[in-house]
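Student: Enclosed is the structure file my_file32.pdb (PDB, C-alpha atoms).
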ATOM      1  CA  MET A 936     -52.967 -22.115  35.413  1.00  0.00           C
ATOM      2  CA  ALA A 937     -51.590 -25.161  37.129  1.00  0.00           C
ATOM      3  CA  ALA A 938     -52.799 -23.812  40.484  1.00  0.00           C
ATOM      4  CA  LYS A 939     -56.336 -23.424  39.084  1.00  0.00           C
ATOM      5  CA  PHE A 940     -56.229 -26.969  37.764  1.00  0.00           C
ATOM      6  CA  LYS A 941     -55.162 -28.290  41.195  1.00  0.00           C
ATOM      7  CA  LYS A 942     -57.991 -26.390  42.949  1.00  0.00           C
ATOM      8  CA  THR A 943     -60.525 -27.807  40.529  1.00  0.00           C
ATOM      9  CA  ALA A 944     -59.181 -31.314  41.047  1.00  0.00           C
ATOM     10  CA  LYS A 945     -59.401 -30.950  44.865  1.00  0.00           C
ATOM     11  CA  LYS A 946     -63.002 -29.714  44.644  1.00  0.00           C
ATOM     12  CA  THR A 947     -64.035 -32.642  42.542  1.00  0.00           C
ATOM     13  CA  SER A 948     -62.264 -35.170  44.757  1.00  0.00           C
ATOM     14  CA  GLY A 949     -63.816 -33.582  47.874  1.00  0.00           C
ATOM     15  CA  LYS A 950     -67.348 -33.815  46.440  1.00  0.00           C
ATOM     16  CA  THR A 951     -66.779 -37.386  45.437  1.00  0.00           C
ATOM     17  CA  ARG A 952     -65.871 -38.380  48.985  1.00  0.00           C
ATOM     18  CA  SER A 953     -68.867 -36.647  50.460  1.00  0.00           C
ATOM     19  CA  ALA A 954     -71.331 -38.056  47.987  1.00  0.00           C
ATOM     20  CA  GLY A 955     -70.808 -41.433  49.469  1.00  0.00           C
ATOM     21  CA  ALA A 956     -71.185 -44.843  48.074  1.00  0.00           C
ATOM     22  CA  ALA A 957     -74.755 -44.405  46.737  1.00  0.00           C
ATOM     23  CA  GLY A 958     -73.953 -41.679  44.364  1.00  0.00           C
ATOM     24  CA  LYS A 959     -70.661 -43.112  43.264  1.00  0.00           C
ATOM     25  CA  GLY A 960     -71.780 -44.070  39.805  1.00  0.00           C
ATOM     26  CA  ALA A 961     -73.537 -40.818  38.972  1.00  0.00           C
ATOM     27  CA  GLY A 962     -71.010 -38.699  40.807  1.00  0.00           C
ATOM     28  CA  ALA A 963     -68.084 -40.324  39.097  1.00  0.00           C
ATOM     29  CA  GLN A 964     -69.541 -39.565  35.717  1.00  0.00           C
ATOM     30  CA  GLU A 965     -70.260 -36.013  36.728  1.00  0.00           C
ATOM     31  CA  GLN A 966     -66.811 -35.710  38.180  1.00  0.00           C
ATOM     32  CA  ALA A 967     -65.272 -37.068  34.982  1.00  0.00           C
ATOM     33  CA  GLU A 968     -67.255 -34.540  32.955  1.00  0.00           C
ATOM     34  CA  ARG A 969     -66.126 -31.683  35.173  1.00  0.00           C
ATOM     35  CA  LEU A 970     -62.535 -32.884  35.033  1.00  0.00           C
ATOM     36  CA  SER A 971     -62.780 -33.195  31.273  1.00  0.00           C
ATOM     37  CA  LYS A 972     -64.303 -29.723  31.036  1.00  0.00           C
ATOM     38  CA  THR A 973     -61.611 -28.311  33.325  1.00  0.00           C
ATOM     39  CA  LEU A 974     -58.860 -30.005  31.315  1.00  0.00           C
ATOM     40  CA  SER A 975     -60.432 -28.768  28.110  1.00  0.00           C
ATOM     41  CA  GLU A 976     -60.616 -25.212  29.458  1.00  0.00           C
ATOM     42  CA  SER A 977     -57.036 -25.429  30.688  1.00  0.00           C
ATOM     43  CA  ALA A 978     -55.846 -26.794  27.362  1.00  0.00           C
ATOM     44  CA  GLN A 979     -57.722 -24.014  25.566  1.00  0.00           C
ATOM     45  CA  GLN A 980     -56.207 -21.414  27.880  1.00  0.00           C
ATOM     46  CA  ILE A 981     -52.721 -22.878  27.294  1.00  0.00           C
ATOM     47  CA  TRP A 982     -53.379 -22.853  23.545  1.00  0.00           C
ATOM     48  CA  LEU A 983     -54.565 -19.239  23.662  1.00  0.00           C
ATOM     49  CA  ALA A 984     -51.572 -18.265  25.796  1.00  0.00           C
ATOM     50  CA  GLY A 985     -49.256 -19.877  23.213  1.00  0.00           C
ATOM     51  CA  VAL A 986     -51.007 -18.094  20.356  1.00  0.00           C
ATOM     52  CA  GLY A 987     -50.777 -14.816  22.281  1.00  0.00           C
ATOM     53  CA  ALA A 988     -47.094 -15.416  23.015  1.00  0.00           C
ATOM     54  CA  PHE A 989     -46.497 -16.182  19.349  1.00  0.00           C
ATOM     55  CA  GLY A 990     -48.327 -13.003  18.284  1.00  0.00           C
ATOM     56  CA  ARG A 991     -46.438 -10.903  20.815  1.00  0.00           C
ATOM     57  CA  ALA A 992     -43.135 -12.508  19.842  1.00  0.00           C
ATOM     58  CA  GLN A 993     -43.939 -11.831  16.211  1.00  0.00           C
ATOM     59  CA  ALA A 994     -44.848  -8.182  16.869  1.00  0.00           C
ATOM     60  CA  GLU A 995     -42.036  -7.583  19.299  1.00  0.00           C
ATOM     61  CA  GLY A 996     -39.711  -9.721  17.207  1.00  0.00           C
ATOM     62  CA  THR A 997     -40.258  -7.386  14.258  1.00  0.00           C
ATOM     63  CA  LYS A 998     -39.630  -4.400  16.517  1.00  0.00           C
ATOM     64  CA  LEU A 999     -36.628  -6.156  18.018  1.00  0.00           C
ATOM     65  CA  PHE A1000     -35.341  -7.045  14.544  1.00  0.00           C
ATOM     66  CA  GLU A1001     -35.711  -3.434  13.367  1.00  0.00           C
ATOM     67  CA  GLY A1002     -33.983  -2.216  16.529  1.00  0.00           C
ATOM     68  CA  LEU A1003     -31.131  -4.658  15.966  1.00  0.00           C
ATOM     69  CA  VAL A1004     -30.809  -3.498  12.347  1.00  0.00           C
ATOM     70  CA  LYS A1005     -30.588   0.141  13.507  1.00  0.00           C
ATOM     71  CA  GLU A1006     -28.012  -0.771  16.128  1.00  0.00           C
ATOM     72  CA  GLY A1007     -26.044  -2.725  13.524  1.00  0.00           C
ATOM     73  CA  LEU A1008     -26.041   0.296  11.194  1.00  0.00           C
ATOM     74  CA  ASN A1009     -24.783   2.501  14.016  1.00  0.00           C
ATOM     75  CA  LEU A1010     -22.023   0.015  14.817  1.00  0.00           C
ATOM     76  CA  GLU A1011     -21.099  -0.251  11.146  1.00  0.00           C
ATOM     77  CA  GLN A1012     -20.854   3.533  10.803  1.00  0.00           C
ATOM     78  CA  THR A1013     -18.751   3.720  13.952  1.00  0.00           C
ATOM     79  CA  ALA A1014     -16.501   0.944  12.647  1.00  0.00           C
ATOM     80  CA  ARG A1015     -16.138   2.698   9.288  1.00  0.00           C
ATOM     81  CA  LYS A1016     -15.210   5.957  10.987  1.00  0.00           C
ATOM     82  CA  PHE A1017     -12.690   4.122  13.137  1.00  0.00           C
ATOM     83  CA  THR A1018     -11.192   2.167  10.250  1.00  0.00           C
ATOM     84  CA  GLY A1019     -11.247   5.280   8.056  1.00  0.00           C
ATOM     85  CA  GLY A1020      -9.197   7.108  10.644  1.00  0.00           C
ATOM     86  CA  GLN A1021      -6.940   4.108  11.037  1.00  0.00           C
ATOM     87  CA  ALA A1022      -6.565   3.829   7.261  1.00  0.00           C
ATOM     88  CA  GLY A1023      -5.538   7.496   7.075  1.00  0.00           C
ATOM     89  CA  ALA A1024      -3.013   7.014   9.838  1.00  0.00           C
ATOM     90  CA  LEU A1025      -1.758   3.828   8.210  1.00  0.00           C
ATOM     91  CA  ARG A1026      -1.477   5.600   4.842  1.00  0.00           C
ATOM     92  CA  ASP A1027       0.548   8.386   6.489  1.00  0.00           C
ATOM     93  CA  VAL A1028       2.877   5.868   8.125  1.00  0.00           C
ATOM     94  CA  VAL A1029       3.361   3.990   4.849  1.00  0.00           C
ATOM     95  CA  GLU A1030       4.045   7.216   2.930  1.00  0.00           C
ATOM     96  CA  SER A1031       6.541   8.240   5.601  1.00  0.00           C
ATOM     97  CA  LYS A1032       8.326   4.889   5.395  1.00  0.00           C
ATOM     98  CA  VAL A1033       8.357   5.038   1.586  1.00  0.00           C
ATOM     99  CA  GLY A1034       9.798   8.561   1.756  1.00  0.00           C
ATOM    100  CA  GLN A1035      12.513   7.412   4.152  1.00  0.00           C
ATOM    101  CA  ALA A1036      13.322   4.438   1.936  1.00  0.00           C
ATOM    102  CA  ARG A1037      13.450   6.722  -1.119  1.00  0.00           C
ATOM    103  CA  GLU A1038      15.841   9.094   0.689  1.00  0.00           C
ATOM    104  CA  ARG A1039      18.061   6.204   1.759  1.00  0.00           C
ATOM    105  CA  ALA A1040      18.103   4.813  -1.772  1.00  0.00           C
ATOM    106  CA  THR A1041      18.940   8.241  -3.198  1.00  0.00           C
ATOM    107  CA  ASP A1042      21.726   8.746  -0.658  1.00  0.00           C
ATOM    108  CA  THR A1043      23.109   5.285  -1.360  1.00  0.00           C
ATOM    109  CA  TRP A1044      22.919   5.862  -5.108  1.00  0.00           C
ATOM    110  CA  ASP A1045      24.655   9.245  -4.765  1.00  0.00           C
ATOM    111  CA  ARG A1046      27.439   7.714  -2.678  1.00  0.00           C
ATOM    112  CA  LEU A1047      27.843   4.862  -5.154  1.00  0.00           C
ATOM    113  CA  GLU A1048      27.952   7.314  -8.047  1.00  0.00           C
ATOM    114  CA  LYS A1049      30.562   9.442  -6.257  1.00  0.00           C
ATOM    115  CA  VAL A1050      32.762   6.401  -5.523  1.00  0.00           C
ATOM    116  CA  PHE A1051      32.483   5.299  -9.152  1.00  0.00           C
ATOM    117  CA  GLU A1052      33.406   8.767 -10.464  1.00  0.00           C
ATOM    118  CA  GLU A1053      36.393   8.952  -8.103  1.00  0.00           C
ATOM    119  CA  ARG A1054      37.680   5.567  -9.227  1.00  0.00           C
ATOM    120  CA  VAL A1055      37.264   6.420 -12.901  1.00  0.00           C
ATOM    121  CA  GLN A1056      39.047   9.749 -12.342  1.00  0.00           C
ATOM    122  CA  ARG A1057      41.941   8.003 -10.573  1.00  0.00           C
ATOM    123  CA  ALA A1058      42.219   5.503 -13.430  1.00  0.00           C
ATOM    124  CA  LEU A1059      42.234   8.315 -16.021  1.00  0.00           C
ATOM    125  CA  VAL A1060      44.914  10.202 -14.068  1.00  0.00           C
ATOM    126  CA  LYS A1061      47.059   7.056 -13.910  1.00  0.00           C
ATOM    127  CA  LEU A1062      46.701   6.670 -17.678  1.00  0.00           C
ATOM    128  CA  GLY A1063      47.628  10.322 -18.219  1.00  0.00           C
ATOM    129  CA  VAL A1064      44.284  11.363 -19.694  1.00  0.00           C
ATOM    130  CA  PRO A1065      43.649  15.038 -18.995  1.00  0.00           C
ATOM    131  CA  GLY A1066      40.640  15.884 -16.920  1.00  0.00           C
ATOM    132  CA  ARG A1067      37.883  18.414 -17.528  1.00  0.00           C
ATOM    133  CA  ASP A1068      39.720  21.113 -15.579  1.00  0.00           C
ATOM    134  CA  ASP A1069      42.934  20.439 -17.490  1.00  0.00           C
ATOM    135  CA  LEU A1070      41.135  20.735 -20.825  1.00  0.00           C
ATOM    136  CA  ALA A1071      39.394  23.938 -19.760  1.00  0.00           C
ATOM    137  CA  GLU A1072      42.728  25.444 -18.659  1.00  0.00           C
ATOM    138  CA  LEU A1073      44.374  24.364 -21.917  1.00  0.00           C
ATOM    139  CA  SER A1074      41.525  25.866 -23.931  1.00  0.00           C
ATOM    140  CA  GLU A1075      41.947  29.177 -22.088  1.00  0.00           C
ATOM    141  CA  ARG A1076      45.700  29.164 -22.774  1.00  0.00           C
ATOM    142  CA  VAL A1077      45.089  28.491 -26.475  1.00  0.00           C
ATOM    143  CA  ASP A1078      42.605  31.365 -26.615  1.00  0.00           C
ATOM    144  CA  ALA A1079      45.110  33.652 -24.872  1.00  0.00           C
ATOM    145  CA  LEU A1080      47.925  32.648 -27.253  1.00  0.00           C
ATOM    146  CA  THR A1081      45.657  33.147 -30.264  1.00  0.00           C
ATOM    147  CA  ALA A1082      44.750  36.624 -29.056  1.00  0.00           C
ATOM    148  CA  GLU A1083      48.446  37.436 -28.489  1.00  0.00           C
ATOM    149  CA  LEU A1084      49.359  36.249 -31.986  1.00  0.00           C
ATOM    150  CA  ARG A1085      46.646  38.387 -33.518  1.00  0.00           C
ATOM    151  CA  ARG A1086      47.834  41.372 -31.559  1.00  0.00           C
ATOM    152  CA  GLN A1087      51.442  40.904 -32.625  1.00  0.00           C
ATOM    153  CA  SER A1088      50.609  40.298 -36.274  1.00  0.00           C
ATOM    154  CA  GLY A1089      48.875  43.650 -36.548  1.00  0.00           C
ATOM    155  CA  ALA A1090      45.404  42.845 -35.462  1.00  0.00           C
ATOM    156  CA  ALA A1091      44.631  41.145 -38.735  1.00  0.00           C
ATOM    157  CA  PRO A1092      42.058  38.436 -38.532  1.00  0.00           C
ATOM    158  CA  ALA A1093      43.506  35.000 -38.514  1.00  0.00           C
ATOM    159  CA  ARG A1094      43.728  33.566 -42.034  1.00  0.00           C
ATOM    160  CA  LYS A1095      45.075  30.356 -43.258  1.00  0.00           C
ATOM    161  CA  PRO A1096      48.396  30.888 -45.003  1.00  0.00           C
ATOM    162  CA  ALA A1097      48.286  30.368 -48.760  1.00  0.00           C
ATOM    163  CA  LYS A1098      49.921  27.212 -50.003  1.00  0.00           C
ATOM    164  CA  LYS A1099      53.154  27.712 -51.874  1.00  0.00           C
ATOM    165  CA  ALA A1100      53.288  26.538 -55.423  1.00  0.00           C
ATOM    166  CA  ALA A1101      54.806  23.136 -55.757  1.00  0.00           C
ATOM    167  CA  LYS A1102      58.147  23.021 -57.548  1.00  0.00           C
ATOM    168  CA  PRO A1103      58.555  20.635 -60.380  1.00  0.00           C
ATOM    169  CA  ALA A1104      59.928  17.277 -59.320  1.00  0.00           C
ATOM    170  CA  ALA A1105      62.603  17.291 -61.993  1.00  0.00           C
ATOM    171  CA  ALA A1106      64.358  20.240 -60.476  1.00  0.00           C
ATOM    172  CA  LYS A1107      65.718  18.322 -57.489  1.00  0.00           C
ATOM    173  CA  PRO A1108      66.887  14.797 -57.489  1.00  0.00           C
ATOM    174  CA  ALA A1109      65.020  12.624 -55.017  1.00  0.00           C
ATOM    175  CA  LYS A1110      67.025  11.139 -52.212  1.00  0.00           C
ATOM    176  CA  ALA A1111      66.416   7.605 -51.207  1.00  0.00           C
ATOM    177  CA  LYS A1112      64.975   7.341 -47.779  1.00  0.00           C
ATOM    178  CA  ALA A1113      65.414   4.492 -45.380  1.00  0.00           C
ATOM    179  CA  PRO A1114      62.240   2.611 -44.609  1.00  0.00           C
ATOM    180  CA  ARG A1115      60.668   3.548 -41.291  1.00  0.00           C
ATOM    181  CA  LYS A1116      60.267   1.148 -38.486  1.00  0.00           C
ATOM    182  CA  ALA A1117      56.672   0.283 -37.684  1.00  0.00           C
ATOM    183  CA  VAL A1118      55.686   1.708 -34.348  1.00  0.00           C
ATOM    184  CA  ALA A1119      53.115  -0.252 -32.448  1.00  0.00           C
ATOM    185  CA  LYS A1120      50.097   1.827 -31.564  1.00  0.00           C
ATOM    186  CA  PRO A1121      49.204   1.730 -27.898  1.00  0.00           C
ATOM    187  CA  LYS A1122      46.153  -0.326 -27.156  1.00  0.00           C
ATOM    188  CA  PRO A1123      43.200   1.453 -25.568  1.00  0.00           C
ATOM    189  CA  PRO A1124      42.927   0.810 -21.819  1.00  0.00           C
ATOM    190  CA  VAL A1125      40.613  -1.932 -20.697  1.00  0.00           C
ATOM    191  CA  ALA A1126      38.103  -1.018 -18.027  1.00  0.00           C
ATOM    192  CA  PRO A1127      38.810  -2.807 -14.747  1.00  0.00           C
TER     193      PRO A1127
END
In structure tokens, write the structure found in this file.
Tutor:
Amino acid sequence: MAAKFKKTAKKTSGKTRSAGAAGKGAGAQEQAERLSKTLSESAQQIWLAGVGAFGRAQAEGTKLFEGLVKEGLNLEQTARKFTGGQAGALRDVVESKVGQARERATDTWDRLEKVFEERVQRALVKLGVPGRDDLAELSERVDALTAELRRQSGAAPARKPAKKAAKPAAAKPAKAKAPRKAVAKPKPPVAP
């Protein structure tokens, strides 16, 4: 466009020089008209080129926009797949760590419980309180003795002996008894 404008300007300046001094007035007006026409045509061509560029940009811009939207959707899907996989892996790691922490807490609690039971058992032994095993053994011995007594008494079922009739109080004179000394009851042990 600019090259065409320069050629037109050279042609008009060349004609003006050749026309000479006589035709300067008429030639200058003609030259001005041609220059004006050339400028007008150039301006119109520039305008049309701009309108065409705008139209093309609008058409291609829509296509470009739609293409960018499609590409964005593809990237979003890829990102979701990636983050979904990462989220699954992260969830697995977190569950593993929680499981390990739970196991540690359970082990620690079990050890603490065992230490507590051992200390309580030692305290009970020091106080002379029989343990579960001692009571079970004693219960077995009582059962064995009861069975032996039944066997020796003729296999009769165990009955409570009948109470003897109380004798009248007037029959025997009552003896005076010395008052008993008060025995202090042992206090229950205080937990350490």
Student: Could you please determine the separation between CA of Asp1042 in chain A and CA of Gln1056 in chain A in Å, to one decimal place?
Tutor: 20.9 Å
Student: Find the distance between CA of Lys1005 in chain A and CA of Gly987 in chain A and write it in Å to one decimal.
Tutor: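 Those two atoms sit 26.6 Å apart.
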Student: Could you state the separation of CA of Lys1061 in chain A and CA of Ser1074 in chain A in Å, given to one decimal place?
Tutor: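 Value for the CA of Lys1061 in chain A-CA of Ser1074 in chain A distance: 22.0 Å.
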Student: Could you give me the centre and size, in Å to one decimal, of an axis-aligned box around all listed atoms of range 962-966 of chain A with 4 Å added on every side, as JSON?
Tutor:
{"center_x": -68.9, "center_y": -38.0, "center_z": 38.3, "size_x": 12.2, "size_y": 12.6, "size_z": 13.1}
